[in-house]
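Asker: First the structure, then my questions, so here it is.
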Amino acid sequence: MKKDDIKEIIKIAINNNIEMIDGTELLIDLTSYAVEGRYAIIHDDLDDTNKYIKILEELQLFVKKQISSEII
């Protein structure tokens with residue numbers, strides 16, 4: 001598995017009963033941009049970037065809450 005294969009990461013999380021937020025599967029579309037993004041190639045074909053940014057922000061908040069609850 002490549003660390004930038006979002007589909008595999010989500011699959012592993014689900015198989016290990018790790019709760020995910022709604023819409024996480026939409027992030028799979030971003031896998032093809034992982035390598036190109038590292039090299040600052042801008043793609044005009046990535047539609048509705050705000051949708052992905054919203055999901056990523058929700059996922060970030062979710063993970064922070066999960067980590068905080070495990071520490072307590």
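Ligands are numbered from 1 in the order shown, residues from 1 within each chain, and chains are lettered A, B, ... in the order they appear in the structure tokens.
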Can you pull out every residue within 12 Å of Asp48 (chain A), counting only C-alpha atoms, but drop anything in the same chain fewer than 6 positions away, and send it as a VMD selection string?

Answerer: chain A and resid 26 29 to 30 54 to 55

Asker: Need to verify the contact set: Glu58 (chain A), 12 Å, only C-alpha atoms, exclusion of same-chain residues closer than 5 positions in sequence. Can you return it as a PyMOL selection string?

Answerer: chain A and resi 20-24+27+51-53+63-65

Asker: Could you tell me how far CA of Ser68 (chain A) lies from CA of Asn16 (chain A), in Å and to one decimal?

Answerer: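 CA of Ser68 (chain A) sits 19.5 Å away from CA of Asn16 (chain A).
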
Asker: Please list as an NGL selection string every residue within 8 Å of Lys7 (chain A), counting only C-alpha atoms and excluding residues in the same chain fewer than 6 positions away.

Answerer: :A and (25 or 28 or 31)

Asker: Record the distance separating CA of Ile71 (chain A) and CA of Asp5 (chain A), expressed in Å with one decimal.

Answerer: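 Going from CA of Ile71 (chain A) over to CA of Asp5 (chain A) covers 28.3 Å.
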
Asker: Please, what distance in Å, to one decimal, runs between CA of Ser69 (chain A) and CA of Asn15 (chain A)?

Answerer: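 Computing it gives 21.3 Å between the two atoms.
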